[in-house]
$ cat structure_4.txt   # compact mmCIF, C-alpha atoms
# COMPACT_ATOMS: atom_id res chain seq x y z
CA MET A 272 -33.95 -6.93 3.31
CA GLU A 273 -34.57 -6.53 -0.41
CA PRO A 274 -32.12 -5.62 -3.23
CA TRP A 275 -33.02 -2.29 -4.80
CA PRO A 276 -33.26 -3.57 -8.41
CA ARG A 277 -35.80 -6.23 -7.39
CA LEU A 278 -38.40 -3.62 -6.45
CA PRO A 279 -40.68 -1.92 -9.00
CA GLY A 280 -39.72 1.60 -10.03
CA ARG A 281 -42.73 3.26 -8.41
CA LEU A 282 -41.40 2.35 -4.96
CA HIS A 283 -37.95 3.86 -5.55
CA SER A 284 -38.88 7.53 -5.29
CA GLU A 285 -41.04 6.89 -2.23
CA LEU A 286 -38.24 5.13 -0.35
CA THR A 287 -35.17 7.11 -1.39
CA ASP A 288 -33.54 9.13 1.41
CA ARG A 289 -36.47 8.66 3.77
CA PHE A 290 -37.09 6.86 7.01
CA ASN A 291 -40.62 5.50 6.84
CA LEU A 292 -42.47 4.69 10.05
CA TYR A 293 -46.04 3.63 10.80
CA SER A 294 -47.49 2.66 14.17
CA ALA A 295 -50.91 1.52 15.38
CA ASN A 296 -52.25 -0.60 18.22
CA GLY A 297 -50.45 -3.93 18.01
CA ILE A 298 -48.22 -3.15 15.01
CA GLN A 299 -45.22 -1.03 14.12
CA PHE A 300 -43.54 -0.83 10.71
CA LEU A 301 -40.30 0.89 9.80
CA CYS A 302 -38.34 0.99 6.56
CA TYR A 303 -35.02 2.54 5.49
CA LEU A 304 -32.20 2.04 3.00
CA VAL A 305 -28.93 0.34 3.97
CA PRO A 306 -25.68 -0.25 2.03
CA GLY A 307 -25.57 -3.03 -0.55
CA PRO A 308 -23.89 -6.43 0.04
CA ALA A 309 -20.41 -5.00 -0.59
CA GLY A 310 -21.09 -1.70 1.17
CA GLU A 311 -22.44 0.09 -1.91
CA THR A 312 -24.15 3.42 -1.27
CA ALA A 313 -24.65 4.69 -4.81
CA PRO A 314 -28.25 5.25 -5.97
CA GLY A 315 -29.80 1.99 -7.08
CA ARG A 316 -27.14 -0.15 -5.34
CA ARG A 317 -28.42 -0.04 -1.79
CA ARG A 318 -30.85 -2.48 -0.19
CA VAL A 319 -34.23 -1.82 1.41
CA ASN A 320 -34.48 -2.95 5.02
CA TRP A 321 -37.90 -3.13 6.65
CA VAL A 322 -39.09 -4.44 10.00
CA TRP A 323 -42.69 -5.16 10.93
CA TYR A 324 -43.59 -5.81 14.56
CA ILE A 325 -46.91 -7.64 14.93
CA ASN A 326 -48.57 -8.66 18.18
CA ALA A 327 -49.60 -12.31 18.32
CA SER A 328 -51.01 -14.35 21.15
CA GLU A 329 -49.00 -17.01 22.94
CA ALA A 330 -51.43 -19.58 21.55
CA ALA A 331 -50.55 -18.55 17.97
CA PHE A 332 -46.82 -18.66 18.54
CA ALA A 333 -46.32 -22.38 17.79
CA ALA A 334 -48.07 -22.09 14.43
CA VAL A 335 -46.24 -18.89 13.54
CA MET A 336 -42.83 -20.47 14.18
CA THR A 337 -43.55 -23.76 12.38
CA GLY A 338 -42.10 -23.78 8.89
CA GLN A 339 -43.47 -25.20 5.67
CA SER A 340 -41.11 -28.15 6.27
CA GLY A 341 -42.86 -28.92 9.56
CA ARG A 342 -39.83 -27.90 11.57
CA ARG A 343 -40.54 -25.90 14.72
CA TYR A 344 -38.16 -22.96 15.11
CA ARG A 345 -37.43 -21.26 18.42
CA TYR A 346 -35.58 -18.09 17.47
CA PHE A 347 -35.50 -17.57 13.70
CA LEU A 348 -37.60 -18.89 10.81
CA PRO A 349 -35.79 -18.42 7.46
CA ALA A 350 -37.65 -16.91 4.52
CA ASP A 351 -37.43 -20.08 2.43
CA ASP A 352 -39.34 -22.07 5.08
CA VAL A 353 -42.14 -19.62 5.96
CA SER A 354 -45.39 -21.56 5.66
CA ALA A 355 -48.05 -20.75 3.09
CA ALA A 356 -50.46 -19.97 5.94
CA SER A 357 -48.08 -17.41 7.45
CA LYS A 358 -47.45 -15.81 4.07
CA THR A 359 -51.19 -15.49 3.54
CA THR A 360 -51.61 -13.93 6.97
CA LEU A 361 -48.82 -11.43 6.29
CA LEU A 362 -50.27 -10.39 2.94
CA THR A 363 -53.78 -10.11 4.36
CA LEU A 364 -52.54 -7.96 7.21
CA ALA A 365 -50.46 -5.83 4.88
CA ASP A 366 -53.51 -5.07 2.75
CA SER A 367 -55.78 -4.33 5.70
CA ALA A 368 -53.50 -2.76 8.33
CA LEU A 369 -50.65 -0.95 6.55
CA PRO A 370 -50.44 2.17 4.38
CA PRO A 371 -50.24 1.40 0.63
CA LEU A 372 -46.49 2.03 0.36
CA MET A 373 -45.67 -0.50 3.06
CA SER A 374 -48.26 -2.98 1.85
CA ARG A 375 -46.69 -2.96 -1.62
CA LEU A 376 -43.24 -3.41 -0.14
CA VAL A 377 -44.34 -6.49 1.82
CA GLY A 378 -45.91 -7.93 -1.33
CA HIS A 379 -42.58 -7.70 -3.18
CA SER A 380 -40.53 -9.23 -0.37
CA LYS A 381 -39.58 -12.64 1.04
CA PRO A 382 -39.72 -11.97 4.80
CA PHE A 383 -38.31 -14.15 7.54
CA LEU A 384 -39.99 -14.44 10.94
CA GLN A 385 -38.35 -13.85 14.30
CA PRO A 386 -39.81 -13.54 17.80
CA VAL A 387 -38.89 -10.52 19.91
CA MET A 388 -37.90 -11.41 23.46
CA ASP A 389 -35.95 -10.22 26.47
CA LEU A 390 -33.20 -12.55 27.64
CA ALA A 391 -30.66 -11.13 30.05
CA SER A 392 -27.68 -13.15 31.22
CA GLU A 393 -26.94 -13.74 34.88
CA ARG A 394 -23.22 -14.12 34.23
CA LEU A 395 -20.91 -12.74 31.55
CA ARG A 396 -17.87 -14.78 32.40
CA ARG A 397 -16.81 -18.30 33.23
CA GLY A 398 -13.05 -18.64 33.71
CA PRO A 399 -11.31 -17.34 30.59
CA VAL A 400 -14.55 -17.27 28.54
CA PHE A 401 -16.42 -13.95 28.22
CA LEU A 402 -19.78 -12.98 26.74
CA ILE A 403 -20.06 -9.61 25.02
CA GLY A 404 -22.43 -7.94 22.59
CA ASP A 405 -25.57 -9.81 21.57
CA ALA A 406 -24.17 -13.03 23.06
CA ALA A 407 -24.41 -11.45 26.50
CA GLY A 408 -28.16 -10.92 26.34
CA THR A 409 -31.06 -10.26 24.00
CA VAL A 410 -32.97 -6.99 24.30
CA ARG A 411 -35.74 -5.53 22.15
CA PRO A 412 -34.59 -3.91 18.90
CA HIS A 413 -36.26 -0.63 19.89
CA THR A 414 -33.14 0.28 21.87
CA ALA A 415 -30.96 0.42 18.71
CA SER A 416 -28.06 -0.41 21.02
CA GLY A 417 -26.43 -3.50 19.48
CA THR A 418 -23.33 -1.82 18.08
CA SER A 419 -22.74 0.66 20.91
CA LYS A 420 -23.21 -2.02 23.57
CA SER A 421 -20.80 -4.41 21.84
CA ILE A 422 -18.15 -1.71 21.57
CA ALA A 423 -18.56 -0.76 25.24
CA ASP A 424 -18.39 -4.40 26.36
CA ALA A 425 -15.17 -4.97 24.42
CA ALA A 426 -13.51 -1.65 25.25
CA LEU A 427 -14.15 -1.95 28.98
CA LEU A 428 -12.99 -5.57 28.97
CA ALA A 429 -9.76 -4.41 27.32
CA GLN A 430 -9.33 -1.87 30.12
CA ALA A 431 -9.85 -4.57 32.74
CA LEU A 432 -7.15 -6.67 31.05
CA ARG A 433 -4.70 -3.80 30.53
CA GLY A 434 -1.19 -4.89 31.45
CA TRP A 435 -2.21 -8.56 31.74
CA GLU A 436 -0.15 -11.19 29.89
CA ALA A 437 -1.11 -14.75 29.03
CA ARG A 438 1.38 -16.24 31.49
CA ASP A 439 -0.17 -14.28 34.38
CA PRO A 440 -3.27 -15.20 36.44
CA LEU A 441 -6.38 -13.39 35.32
CA PRO A 442 -6.98 -10.06 37.16
CA GLU A 443 -10.02 -11.21 39.14
CA GLY A 444 -10.81 -7.87 40.77
CA PRO A 445 -11.01 -5.77 37.59
CA LEU A 446 -12.85 -8.56 35.78
CA ALA A 447 -15.46 -8.80 38.54
CA GLN A 448 -15.97 -5.04 38.35
CA TRP A 449 -16.31 -5.29 34.55
CA GLU A 450 -18.91 -8.05 34.82
CA ASN A 451 -20.98 -6.22 37.44
CA HIS A 452 -20.89 -2.97 35.49
CA ARG A 453 -21.89 -4.56 32.18
CA LEU A 454 -24.69 -6.59 33.80
CA ARG A 455 -26.18 -3.39 35.25
CA SER A 456 -25.87 -1.74 31.85
CA LEU A 457 -27.65 -4.69 30.22
CA GLU A 458 -30.50 -4.42 32.72
CA ASP A 459 -30.83 -0.69 32.00
CA ILE A 460 -30.91 -1.23 28.23
CA ALA A 461 -33.50 -4.00 28.57
CA ALA A 462 -35.70 -1.71 30.67
CA VAL A 463 -35.51 1.00 27.99
CA GLY A 464 -36.54 -1.48 25.31
CA ILE A 465 -39.54 -2.65 27.32
CA ALA A 466 -40.62 0.94 28.01
CA ARG A 467 -40.42 1.88 24.34
CA ALA A 468 -42.36 -1.20 23.28
CA LEU A 469 -45.05 -0.48 25.87
CA ALA A 470 -45.35 3.09 24.62
CA SER A 471 -45.99 1.65 21.16
CA ARG A 472 -48.55 -0.81 22.58
CA LEU A 473 -46.49 -3.82 21.58
CA GLY A 474 -46.71 -6.75 23.95
CA THR A 475 -48.91 -5.00 26.51
CA PRO A 476 -51.91 -6.67 28.18
CA ASP A 477 -54.31 -4.29 26.41
CA SER A 478 -52.63 -4.33 22.99
CA ALA A 479 -54.39 -5.96 20.06
CA ASN A 480 -53.28 -9.42 18.95
CA VAL A 481 -53.38 -8.33 15.34
CA TRP A 482 -51.95 -11.57 13.94
CA ASP A 483 -54.73 -13.67 15.46
CA ARG A 484 -57.44 -11.60 13.76
CA VAL A 485 -56.55 -12.85 10.30
CA ALA A 486 -54.37 -15.93 10.94
CA HIS A 487 -55.02 -18.66 8.36
CA TYR A 488 -54.53 -21.88 10.35
$ encode --input "structure_4.txt" --output "structure tokens"
Amino acid sequence: MEPWPRLPGRLHSELTDRFNLYSANGIQFLCYLVPGPAGETAPGRRRVNWVWYINASEAAFAAVMTGQSGRRYRYFLPADDVSAASKTTLLTLADSALPPLMSRLVGHSKPFLQPVMDLASERLRRGPVFLIGDAAGTVRPHTASGTSKSIADAALLAQALRGWEARDPLPEGPLAQWENHRLRSLEDIAAVGIARALASRLGTPDSANVWDRVAHY
């Protein structure tokens, strides 16, 4: 996510009020404007958010998620620790695989790296502790469901606890129904994410491992 003033002027007109999307075998790139750090929406005050999905082989994963510091990350590699080799790979791929607009945007950015995975929970509750939202399970971003799912988890949990007071035993029946319902919903959302990724040839057996083609390791 890049501050608007940090980008050169020639990118501004191409990004303003547009949702930019590019897809090819093994890659998908999308870019759009979001509010600034304090919620600013005025022209020139917003930020540019872009996401680039790139297929990589399982063999390349360890190198991709190892930072310049030598630390091996499992879920998120911060921008300040992305290795020189990974930066070179990103820039090489941007030049060879992306349209010019997106390639220029990558060149002016400090990207972080994050693996995309499916991780559904088997339980959403243990005693008085509940999991909702992203804590309840990780699904592919293609579902665009993070906010709506979190709201539904919380709202339906509130319904299950309606009339309950702290001095009372927990209402086991309604809470069991809530957990079962939200687990089924999580499974459905995860299935949608997988289907959308497959349609984009991301993570399929026949999709190209684009990262491996130019990886500098």
$ closest_atom_pairs --input "structure_4.txt" --of "region 339-392 of chain A" --to "region 463-474 of chain A" --cutoff "12 Å" --atoms "only C-alpha atoms" --output "Markdown table"
| residue | atom | partner | partner_atom | distance |
| --- | --- | --- | --- | --- |
| A:Pro386 | CA | A:Gly474 | CA | 11.5 |
| A:Val387 | CA | A:Gly474 | CA | 9.6 |
| A:Met388 | CA | A:Ile465 | CA | 9.7 |
| A:Asp389 | CA | A:Ile465 | CA | 8.4 |
| A:Leu390 | CA | A:Ile465 | CA | 11.8 |
$ residues_around --input "structure_4.txt" --residues "region 444-461 of chain A" --least-positions-apart "2" --cutoff "9 Å" --atoms "only C-alpha atoms" --output "count of residues only"
30
$ atom_distance --input "structure_4.txt" --atom1 "CA of Ser380 (chain A)" --atom2 "CA of Ala327 (chain A)"
21.0 Å
$ residues_around --input "structure_4.txt" --residues "region 275-289 of chain A" --least-positions-apart "4" --cutoff "9 Å" --atoms "only C-alpha atoms" --output "ChimeraX atom specification"
/A:302-304,307,314-319,372,375-376,379-380
$ write_last_selection --input "structure_4.txt" --atoms "C-alpha atoms" --output "PDB file, in the frame of the given file"
ATOM      1  CA  CYS A 302     -38.340   0.990   6.560  1.00  0.00           C
ATOM      2  CA  TYR A 303     -35.020   2.540   5.490  1.00  0.00           C
ATOM      3  CA  LEU A 304     -32.200   2.040   3.000  1.00  0.00           C
ATOM      4  CA  GLY A 307     -25.570  -3.030  -0.550  1.00  0.00           C
ATOM      5  CA  PRO A 314     -28.250   5.250  -5.970  1.00  0.00           C
ATOM      6  CA  GLY A 315     -29.800   1.990  -7.080  1.00  0.00           C
ATOM      7  CA  ARG A 316     -27.140  -0.150  -5.340  1.00  0.00           C
ATOM      8  CA  ARG A 317     -28.420  -0.040  -1.790  1.00  0.00           C
ATOM      9  CA  ARG A 318     -30.850  -2.480  -0.190  1.00  0.00           C
ATOM     10  CA  VAL A 319     -34.230  -1.820   1.410  1.00  0.00           C
ATOM     11  CA  LEU A 372     -46.490   2.030   0.360  1.00  0.00           C
ATOM     12  CA  ARG A 375     -46.690  -2.960  -1.620  1.00  0.00           C
ATOM     13  CA  LEU A 376     -43.240  -3.410  -0.140  1.00  0.00           C
ATOM     14  CA  HIS A 379     -42.580  -7.700  -3.180  1.00  0.00           C
ATOM     15  CA  SER A 380     -40.530  -9.230  -0.370  1.00  0.00           C
TER      16      SER A 380
END
$ build_atoms --input "structure_4.txt" --residues "region 291-310 of chain A" --atoms "N, CA and C atoms" --output "PDB file, in the coordinates of the input"
ATOM      1  N   ASN A 291     -39.174   5.668   6.810  1.00  0.00           N
ATOM      2  CA  ASN A 291     -40.620   5.500   6.840  1.00  0.00           C
ATOM      3  C   ASN A 291     -41.038   4.751   8.099  1.00  0.00           C
ATOM      4  N   LEU A 292     -42.017   5.284   8.797  1.00  0.00           N
ATOM      5  CA  LEU A 292     -42.470   4.690  10.050  1.00  0.00           C
ATOM      6  C   LEU A 292     -43.990   4.766  10.135  1.00  0.00           C
ATOM      7  N   TYR A 293     -44.595   3.656  10.568  1.00  0.00           N
ATOM      8  CA  TYR A 293     -46.040   3.630  10.800  1.00  0.00           C
ATOM      9  C   TYR A 293     -46.293   2.829  12.071  1.00  0.00           C
ATOM     10  N   SER A 294     -47.200   3.330  12.910  1.00  0.00           N
ATOM     11  CA  SER A 294     -47.490   2.660  14.170  1.00  0.00           C
ATOM     12  C   SER A 294     -48.982   2.707  14.451  1.00  0.00           C
ATOM     13  N   ALA A 295     -49.518   1.611  14.953  1.00  0.00           N
ATOM     14  CA  ALA A 295     -50.910   1.520  15.380  1.00  0.00           C
ATOM     15  C   ALA A 295     -50.966   0.479  16.492  1.00  0.00           C
ATOM     16  N   ASN A 296     -52.106   0.348  17.117  1.00  0.00           N
ATOM     17  CA  ASN A 296     -52.250  -0.600  18.220  1.00  0.00           C
ATOM     18  C   ASN A 296     -51.918  -2.011  17.764  1.00  0.00           C
ATOM     19  N   GLY A 297     -50.828  -2.553  18.304  1.00  0.00           N
ATOM     20  CA  GLY A 297     -50.450  -3.930  18.010  1.00  0.00           C
ATOM     21  C   GLY A 297     -49.517  -4.116  16.845  1.00  0.00           C
ATOM     22  N   ILE A 298     -49.160  -3.033  16.124  1.00  0.00           N
ATOM     23  CA  ILE A 298     -48.220  -3.150  15.010  1.00  0.00           C
ATOM     24  C   ILE A 298     -47.305  -1.934  14.966  1.00  0.00           C
ATOM     25  N   GLN A 299     -46.142  -2.141  14.393  1.00  0.00           N
ATOM     26  CA  GLN A 299     -45.220  -1.030  14.120  1.00  0.00           C
ATOM     27  C   GLN A 299     -44.381  -1.444  12.920  1.00  0.00           C
ATOM     28  N   PHE A 300     -44.270  -0.537  11.944  1.00  0.00           N
ATOM     29  CA  PHE A 300     -43.540  -0.830  10.710  1.00  0.00           C
ATOM     30  C   PHE A 300     -42.537   0.273  10.467  1.00  0.00           C
ATOM     31  N   LEU A 301     -41.298  -0.099  10.156  1.00  0.00           N
ATOM     32  CA  LEU A 301     -40.300   0.890   9.800  1.00  0.00           C
ATOM     33  C   LEU A 301     -39.488   0.401   8.614  1.00  0.00           C
ATOM     34  N   CYS A 302     -39.038   1.338   7.797  1.00  0.00           N
ATOM     35  CA  CYS A 302     -38.340   0.990   6.560  1.00  0.00           C
ATOM     36  C   CYS A 302     -37.289   2.062   6.265  1.00  0.00           C
ATOM     37  N   TYR A 303     -36.096   1.613   5.817  1.00  0.00           N
ATOM     38  CA  TYR A 303     -35.020   2.540   5.490  1.00  0.00           C
ATOM     39  C   TYR A 303     -34.029   1.835   4.578  1.00  0.00           C
ATOM     40  N   LEU A 304     -33.208   2.597   3.887  1.00  0.00           N
ATOM     41  CA  LEU A 304     -32.200   2.040   3.000  1.00  0.00           C
ATOM     42  C   LEU A 304     -30.907   1.771   3.765  1.00  0.00           C
ATOM     43  N   VAL A 305     -30.219   0.704   3.379  1.00  0.00           N
ATOM     44  CA  VAL A 305     -28.930   0.340   3.970  1.00  0.00           C
ATOM     45  C   VAL A 305     -27.953   0.067   2.832  1.00  0.00           C
ATOM     46  N   PRO A 306     -26.648   0.041   3.104  1.00  0.00           N
ATOM     47  CA  PRO A 306     -25.680  -0.250   2.030  1.00  0.00           C
ATOM     48  C   PRO A 306     -25.927  -1.622   1.392  1.00  0.00           C
ATOM     49  N   GLY A 307     -25.464  -1.764   0.155  1.00  0.00           N
ATOM     50  CA  GLY A 307     -25.570  -3.030  -0.550  1.00  0.00           C
ATOM     51  C   GLY A 307     -24.657  -4.094   0.042  1.00  0.00           C
ATOM     52  N   PRO A 308     -24.657  -5.307  -0.535  1.00  0.00           N
ATOM     53  CA  PRO A 308     -23.890  -6.430   0.040  1.00  0.00           C
ATOM     54  C   PRO A 308     -22.406  -6.142   0.199  1.00  0.00           C
ATOM     55  N   ALA A 309     -21.833  -5.326  -0.679  1.00  0.00           N
ATOM     56  CA  ALA A 309     -20.410  -5.000  -0.590  1.00  0.00           C
ATOM     57  C   ALA A 309     -20.198  -3.575  -0.064  1.00  0.00           C
ATOM     58  N   GLY A 310     -21.209  -3.041   0.615  1.00  0.00           N
ATOM     59  CA  GLY A 310     -21.090  -1.700   1.170  1.00  0.00           C
ATOM     60  C   GLY A 310     -21.444  -0.591   0.206  1.00  0.00           C
TER      61      GLY A 310
END
